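Peer 1: Structure file my_file_16.cif (mmCIF, C-alpha atoms) right here:
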```cif
data_start
loop_
_atom_site.label_atom_id
_atom_site.label_comp_id
_atom_site.auth_asym_id
_atom_site.auth_seq_id
_atom_site.Cartn_x
_atom_site.Cartn_y
_atom_site.Cartn_z
CA MET A 759 106.14 62.16 -11.28
CA ALA A 760 104.48 59.56 -9.07
CA GLN A 761 101.21 60.49 -7.40
CA ALA A 762 99.88 59.36 -4.02
CA GLN A 763 96.65 59.48 -2.05
CA LYS A 764 96.23 59.10 1.70
CA ILE A 765 94.01 56.11 2.48
CA ASP A 766 93.34 55.01 6.07
CA GLY A 767 96.10 57.30 7.26
CA GLU A 768 98.76 55.96 4.90
CA TRP A 769 100.04 57.31 1.63
CA ARG A 770 99.49 54.94 -1.26
CA SER A 771 100.72 55.19 -4.80
CA VAL A 772 98.10 56.10 -7.37
CA SER A 773 98.58 54.77 -10.89
CA GLY A 774 96.56 53.08 -13.55
CA GLY A 775 93.27 52.25 -11.84
CA PRO A 776 90.32 54.41 -10.80
CA VAL A 777 90.83 56.90 -7.98
CA ARG A 778 88.13 57.47 -5.37
CA SER A 779 87.70 60.55 -3.23
CA SER A 780 85.04 62.30 -1.20
CA VAL A 781 83.90 65.68 -2.48
CA ASP A 782 81.25 67.52 -0.42
CA GLY A 783 80.38 64.23 1.28
CA GLU A 784 79.87 62.42 -2.00
CA GLU A 785 82.16 59.67 -3.31
CA VAL A 786 83.61 60.62 -6.66
CA VAL A 787 85.51 58.25 -8.93
CA ALA A 788 87.90 59.43 -11.63
CA SER A 789 90.31 57.52 -13.82
CA PHE A 790 94.01 58.04 -13.28
CA GLU A 791 94.35 59.24 -16.87
CA THR A 792 91.70 61.91 -16.26
CA ILE A 793 93.31 63.05 -13.02
CA MET A 794 96.64 63.51 -14.76
CA LEU A 795 95.00 65.97 -17.14
CA TRP A 796 94.05 68.19 -14.21
CA SER A 797 96.17 70.95 -12.76
CA GLU A 798 98.17 70.19 -9.62
CA ASP A 799 95.75 72.30 -7.56
CA GLU A 800 92.79 70.32 -8.92
CA ARG A 801 94.48 67.02 -8.09
CA GLU A 802 95.30 68.17 -4.57
CA ALA A 803 91.68 69.25 -4.07
CA PHE A 804 90.79 65.67 -4.99
CA GLY A 805 93.29 64.33 -2.43
CA VAL A 806 96.00 63.31 -4.88
CA PHE A 807 99.49 64.73 -4.37
CA PRO A 808 102.80 64.41 -6.20
CA VAL A 809 105.33 62.26 -4.36
CA GLY A 810 108.32 64.38 -3.41
CA ASP A 811 111.92 63.32 -3.67
CA GLY A 812 113.35 61.78 -0.54
CA ASP A 813 116.87 61.99 0.76
CA PRO A 814 119.61 61.92 -1.89
CA VAL A 815 121.54 58.70 -2.36
CA PRO A 816 124.70 58.96 -0.23
CA ALA A 817 128.05 58.45 -1.89
CA GLY A 818 128.99 54.80 -2.06
CA LYS A 819 125.40 53.66 -1.53
CA ARG A 820 122.62 52.40 -3.76
CA VAL A 821 118.84 52.19 -3.34
CA VAL A 822 117.54 48.79 -2.27
CA SER A 823 113.86 49.66 -1.91
CA SER A 824 111.59 52.69 -1.59
CA ARG A 825 108.22 53.41 -0.02
CA ILE A 826 106.03 56.47 0.35
CA VAL A 827 105.86 58.13 3.78
CA ASP A 828 104.42 61.31 5.21
CA ARG A 829 106.65 64.33 5.66
CA ASN A 830 104.94 67.50 6.88
CA GLY A 831 101.62 66.32 5.49
CA ARG A 832 103.01 65.51 2.08
CA PRO A 833 104.02 62.21 0.49
CA VAL A 834 107.74 61.67 -0.09
CA TRP A 835 109.91 58.72 -1.01
CA LEU A 836 111.78 57.00 1.79
CA SER A 837 114.56 54.80 0.46
CA LEU A 838 116.56 52.03 2.05
CA PHE A 839 120.23 52.16 1.08
CA GLU A 840 123.03 49.64 1.08
CA ASP A 841 126.71 49.84 0.24
CA GLU A 842 127.62 49.69 -3.42
CA PRO A 843 129.31 46.37 -4.13
CA ALA A 844 133.06 46.72 -4.16
CA GLU A 845 134.61 46.45 -7.60
CA ASP A 846 136.02 43.01 -8.23
CA VAL A 847 139.64 44.07 -8.60
CA GLY A 848 140.76 40.54 -9.38
CA ALA A 849 138.37 40.34 -12.32
CA ALA A 850 139.55 43.73 -13.57
CA ILE A 851 143.17 42.55 -13.48
CA GLU A 852 142.26 39.35 -15.34
CA ALA A 853 140.39 41.32 -18.00
CA GLU A 854 143.35 43.65 -18.50
CA LYS A 855 145.72 40.68 -18.70
CA VAL A 856 143.63 39.07 -21.44
CA ARG A 857 143.31 42.38 -23.30
CA ARG A 858 147.06 42.88 -23.32
CA ILE A 859 147.78 39.30 -24.34
CA GLU A 860 145.39 39.60 -27.26
CA ALA A 861 146.70 43.04 -28.27
CA GLY A 862 149.71 41.32 -29.82
CA PHE A 863 153.49 41.36 -29.48
CA PRO A 864 156.37 42.85 -31.48
CA PHE A 865 158.38 40.60 -33.77
CA LEU A 866 160.83 41.56 -36.53
CA GLY A 867 159.51 45.12 -36.61
CA LYS A 868 155.85 44.10 -36.84
CA VAL A 869 153.05 43.45 -34.35
CA ILE A 870 151.77 39.88 -34.37
CA GLN A 871 148.16 39.32 -33.33
CA SER A 872 147.78 36.96 -30.39
CA ARG A 873 144.15 36.25 -29.76
CA ALA A 874 143.35 32.68 -28.72
CA GLU A 875 142.89 31.53 -32.33
CA ASP A 876 146.08 33.36 -33.37
CA ARG A 877 148.10 31.62 -30.66
CA GLU A 878 146.72 28.28 -31.83
CA ASN A 879 147.78 29.07 -35.40
CA ILE A 880 151.23 30.20 -34.26
CA ALA A 881 151.74 27.02 -32.23
CA GLY A 882 150.74 24.89 -35.23
CA ALA A 883 153.06 26.75 -37.60
CA LYS A 884 155.93 26.57 -35.10
CA SER A 885 155.50 22.80 -34.84
CA ALA A 886 155.46 22.51 -38.64
CA ALA A 887 158.62 24.62 -38.89
CA GLN A 888 160.37 22.34 -36.40
CA ASP A 889 159.39 19.35 -38.53
CA ALA A 890 160.73 21.12 -41.62
CA LYS A 891 164.05 21.70 -39.85
CA LEU A 892 164.26 17.98 -39.13
CA LEU A 893 163.68 17.40 -42.85
CA GLY A 894 166.58 19.67 -43.74
CA ALA A 895 165.11 23.18 -44.04
CA GLU A 896 167.93 25.72 -44.09
CA THR A 897 168.25 29.25 -42.74
CA GLY A 898 166.75 31.70 -45.25
CA GLU A 899 164.69 29.00 -46.97
CA LEU A 900 161.25 30.61 -47.31
CA SER A 901 159.75 27.60 -49.12
CA TRP A 902 160.29 25.34 -46.11
CA GLN A 903 156.63 24.22 -46.14
CA LYS A 904 157.37 22.31 -49.35
CA ARG A 905 159.55 19.97 -47.33
CA LEU A 906 156.34 18.92 -45.57
CA ASP A 907 154.11 18.88 -48.67
CA ALA A 908 155.70 19.51 -52.06
CA THR A 909 152.39 20.30 -53.75
CA LYS A 910 150.58 22.34 -51.07
CA GLY A 911 153.47 24.06 -49.34
CA ALA A 912 153.88 27.80 -49.98
CA GLU A 913 156.67 29.07 -52.22
CA VAL A 914 157.18 31.86 -49.71
CA PHE A 915 155.87 31.29 -46.21
CA ALA A 916 154.57 34.58 -44.76
CA TRP A 917 152.55 35.67 -41.75
CA ILE A 918 149.78 38.28 -41.87
CA THR A 919 150.60 40.91 -39.26
CA LEU A 920 148.38 43.35 -37.37
CA ASP A 921 148.72 46.00 -40.09
CA ASN A 922 147.62 43.43 -42.70
CA SER A 923 151.06 43.23 -44.30
CA LEU A 924 152.93 40.00 -45.04
CA LEU A 925 156.02 39.06 -43.03
CA PRO A 926 158.10 36.37 -44.81
CA LEU A 927 159.48 33.80 -42.35
CA ASP A 928 161.93 30.98 -42.78
CA ALA A 929 161.59 27.97 -40.48
CA ASP A 930 163.99 29.43 -37.92
CA ALA A 931 162.04 32.69 -37.74
CA MET A 932 158.73 30.84 -37.45
CA ILE A 933 160.07 28.83 -34.53
CA ALA A 934 161.36 32.02 -32.91
CA MET A 935 157.95 33.66 -33.35
CA GLY A 936 156.34 30.72 -31.58
CA TYR A 937 158.61 31.20 -28.60
CA ALA A 938 157.98 34.97 -28.67
CA ALA A 939 154.23 34.34 -28.47
CA MET A 940 154.72 32.01 -25.51
CA LEU A 941 156.96 34.47 -23.65
CA HIS A 942 154.56 37.37 -24.36
CA LYS A 943 151.69 35.53 -22.70
CA GLN A 944 153.86 34.15 -19.90
CA ARG A 945 155.20 37.59 -18.97
CA LEU A 946 151.71 39.09 -18.67
CA ILE A 947 150.47 36.18 -16.57
CA PHE A 948 153.22 36.82 -14.04
CA VAL A 949 152.70 40.60 -14.13
CA ALA A 950 149.01 40.05 -13.32
CA LYS A 951 149.98 37.81 -10.40
CA SER A 952 152.38 40.45 -9.11
CA ILE A 953 149.68 43.13 -9.18
CA LYS A 954 147.28 40.86 -7.28
CA ASP A 955 149.98 40.10 -4.70
CA ARG A 956 150.67 43.81 -4.16
CA ILE A 957 146.98 44.53 -3.58
CA ALA A 958 146.64 41.54 -1.24
CA ALA A 959 149.57 42.93 0.75
CA GLY A 960 147.64 46.16 1.30
CA GLU A 961 148.96 48.39 -1.47
CA ALA A 962 146.34 50.77 -2.89
CA ILE A 963 146.39 50.70 -6.70
CA ALA A 964 143.89 53.15 -8.16
CA ASP A 965 144.07 51.97 -11.78
CA VAL A 966 144.99 48.36 -12.49
CA THR A 967 145.04 49.10 -16.23
CA ALA A 968 147.86 51.67 -16.03
CA ASP A 969 150.68 51.00 -18.50
CA ALA A 970 153.30 51.57 -15.79
CA LEU A 971 152.08 48.47 -13.95
CA TRP A 972 152.35 46.18 -16.93
CA GLY A 973 155.70 47.26 -18.33
#
```
Let me see the structure of the file written as structure tokens.
Peer 2:
Amino acid sequence: MAQAQKIDGEWRSVSGGPVRSSVDGEEVVASFETIMLWSEDEREAFGVFPVGDGDPVPAGKRVVSSRIVDRNGRPVWLSLFEDEPAEDVGAAIEAEKVRRIEAGFPFLGKVIQSRAEDRENIAGAKSAAQDAKLLGAETGELSWQKRLDATKGAEVFAWITLDNSLLPLDADAMIAMGYAAMLHKQRLIFVAKSIKDRIAAGEAIADVTADALWG
């Protein structure tokens, strides 16, 4: 607990340095460390008192600064409060949008990861699948990559899903997965906008992460 001593009529915090007091008309100096080894009664006899707690922090407020004042002859903390900053609801909605985009989307009975790097990979594979279709890839042809590169293309093109299993995809399915990724992200972007619009219109939404809001 903080300690204070009244000097020239004002309470001042005591910590670290030497503490001076008058005992029987004589100036006495003691180190702060020594004083803290004394009992509370001994410290008070030396003119050093514990600083009492001030008023509790009101709901919705935070402490800006504090100083020691006198209350009934004893030192107590007097704090200056200000309103807690309002939560940035817009930022919370954006964070939830990104979280849900990156959580993945369902496709052919699996969940496909869709973090930023995943979406980049999906877009690249979709483009390659479209090229393979132009080169004659047929429905059900899992070796469609070989139409792009006969030596490096996979015998069976497959995507690693969220559960770490392999999902074989022909060129048509890969193209469809690319569109599914795009629509997954697009839907959540517009849901986030709708939530922001509702709040801007005055609707009180307690939890912007609630599943019911995002569909």
Peer 1: Run the PyMOL selection byres ((chain A and resi 962-970) around 12) mentally over the shown coordinates, then write out the matched residues as number ranges by chain, using the chain letters and numbers from the document.
Peer 2: A: 845-858, 946, 949-961, 971-973
Peer 1: Using all atoms listed in the file, which protein or nucleic acid residues come within 10 Å of region 873-877 of chain A? Drop anything in the same chain fewer than 6 positions from it, and give the result as a ChimeraX atom specification.
Peer 2: /A:856-862,883,936,939-940,943
Peer 1: Can you spell out as a short mmCIF file (atom, residue, chain, number, x, y, z; two decimals) with C-alpha atoms, in the frame of the given file the set of residues that the PyMOL selection byres ((chain A and resi 774) around 10) selects in the structure I just provided?
Peer 2:
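Printed below is result37.cif as written:
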```cif
data_model
loop_
_atom_site.label_atom_id
_atom_site.label_comp_id
_atom_site.auth_asym_id
_atom_site.auth_seq_id
_atom_site.Cartn_x
_atom_site.Cartn_y
_atom_site.Cartn_z
CA SER A 771 100.72 55.19 -4.80
CA VAL A 772 98.10 56.10 -7.37
CA SER A 773 98.58 54.77 -10.89
CA GLY A 775 93.27 52.25 -11.84
CA PRO A 776 90.32 54.41 -10.80
CA VAL A 777 90.83 56.90 -7.98
CA SER A 789 90.31 57.52 -13.82
CA PHE A 790 94.01 58.04 -13.28
CA GLU A 791 94.35 59.24 -16.87
#
```
Peer 1: Please tell me which residues are no farther than 9 Å from (128.2, 53.7, -0.2) in the file, counting all atoms listed in the file, and write them as a ChimeraX atom specification.
Peer 2: /A:815-820,839-843
Peer 1: A:Ser797, A:Gly805, A:Lys884, A:Ala760: which is nearest Val781 (chain A), counting only C-alpha atoms?
Peer 2: A:Gly805
Peer 1: Please expand the PyMOL selection byres ((chain A and resi 919) around 12) into the concrete residues it hits in this file, giving the result as a compact mmCIF listing (two decimals) with C-alpha atoms, in the frame of the given file.
Peer 2:
```txt
# COMPACT_ATOMS: atom_id res chain seq x y z
CA ALA A 861 146.70 43.04 -28.27
CA GLY A 862 149.71 41.32 -29.82
CA PHE A 863 153.49 41.36 -29.48
CA PRO A 864 156.37 42.85 -31.48
CA PHE A 865 158.38 40.60 -33.77
CA LEU A 866 160.83 41.56 -36.53
CA GLY A 867 159.51 45.12 -36.61
CA LYS A 868 155.85 44.10 -36.84
CA VAL A 869 153.05 43.45 -34.35
CA ILE A 870 151.77 39.88 -34.37
CA GLN A 871 148.16 39.32 -33.33
CA SER A 872 147.78 36.96 -30.39
CA ASP A 876 146.08 33.36 -33.37
CA ILE A 880 151.23 30.20 -34.26
CA ALA A 916 154.57 34.58 -44.76
CA TRP A 917 152.55 35.67 -41.75
CA ILE A 918 149.78 38.28 -41.87
CA LEU A 920 148.38 43.35 -37.37
CA ASP A 921 148.72 46.00 -40.09
CA ASN A 922 147.62 43.43 -42.70
CA SER A 923 151.06 43.23 -44.30
CA LEU A 924 152.93 40.00 -45.04
CA LEU A 925 156.02 39.06 -43.03
CA PRO A 926 158.10 36.37 -44.81
CA LEU A 927 159.48 33.80 -42.35
CA MET A 935 157.95 33.66 -33.35
```
Peer 1: Around region 791-798 of chain A, with edges along x, y and z and 4 Å added on all six sides, what centre and edge lengths do you get, in Å to one decimal, as JSON?
Peer 2:
```
{"center_x": 94.9, "center_y": 65.1, "center_z": -13.4, "size_x": 14.5, "size_y": 19.7, "size_z": 15.5}
```
Peer 1: Which value, in Å to one decimal, gives the distance between CA of Arg778 (chain A) and CA of Leu795 (chain A)?
Peer 2: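 So the answer is 16.1 Å.
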Peer 1: As an exercise, work out the distance from CA of Glu800 (chain A) to CA of Glu785 (chain A) in Å and give it to one decimal place.
Peer 2: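 Computing the Euclidean distance for CA of Glu800 (chain A) and CA of Glu785 (chain A) yields 16.1 Å.
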Peer 1: Please measure the separation of CA of Pro814 (chain A) and CA of Gly767 (chain A), giving the value in Å to one decimal.
Peer 2: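 A separation of 25.6 Å between them.
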Peer 1: I want to know what sits within 7 Å of Pro808 (chain A), based on only C-alpha atoms, with residues of the same chain fewer than 6 positions away left out; could you give that as a ChimeraX atom specification?
Peer 2: /A:759-762
Peer 1: Of the candidates A:Val834, A:Phe915, A:Ala929, A:Glu878, which one gets nearest to Glu896 (chain A) if we count all atoms listed in the file?
Peer 2: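 Distance minimum relative to Glu896 (chain A) lands on A:Ala929.
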Peer 1: Would you mind listing what lies within 12 Å of Arg832 (chain A) as a PyMOL selection string, with only C-alpha atoms counted and same-chain residues fewer than 6 positions away left out?
Peer 2: chain A and resi 761-764+767-770+802+805-812+826
Peer 1: Between A:Trp835, A:Met932, A:Glu798, A:Ile765, which is the closest to Trp902 (chain A) once you count all atoms listed in the file?
Peer 2: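 Nearest candidate to Trp902 (chain A) out of A:Trp835, A:Met932, A:Glu798, A:Ile765: A:Met932.
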Peer 1: Can you work out which one of A:Asp799, A:Ala895, A:Phe804, A:Asp766 has the shortest atom-to-atom distance to Ser779 (chain A), counting only C-alpha atoms?
Peer 2: A:Phe804
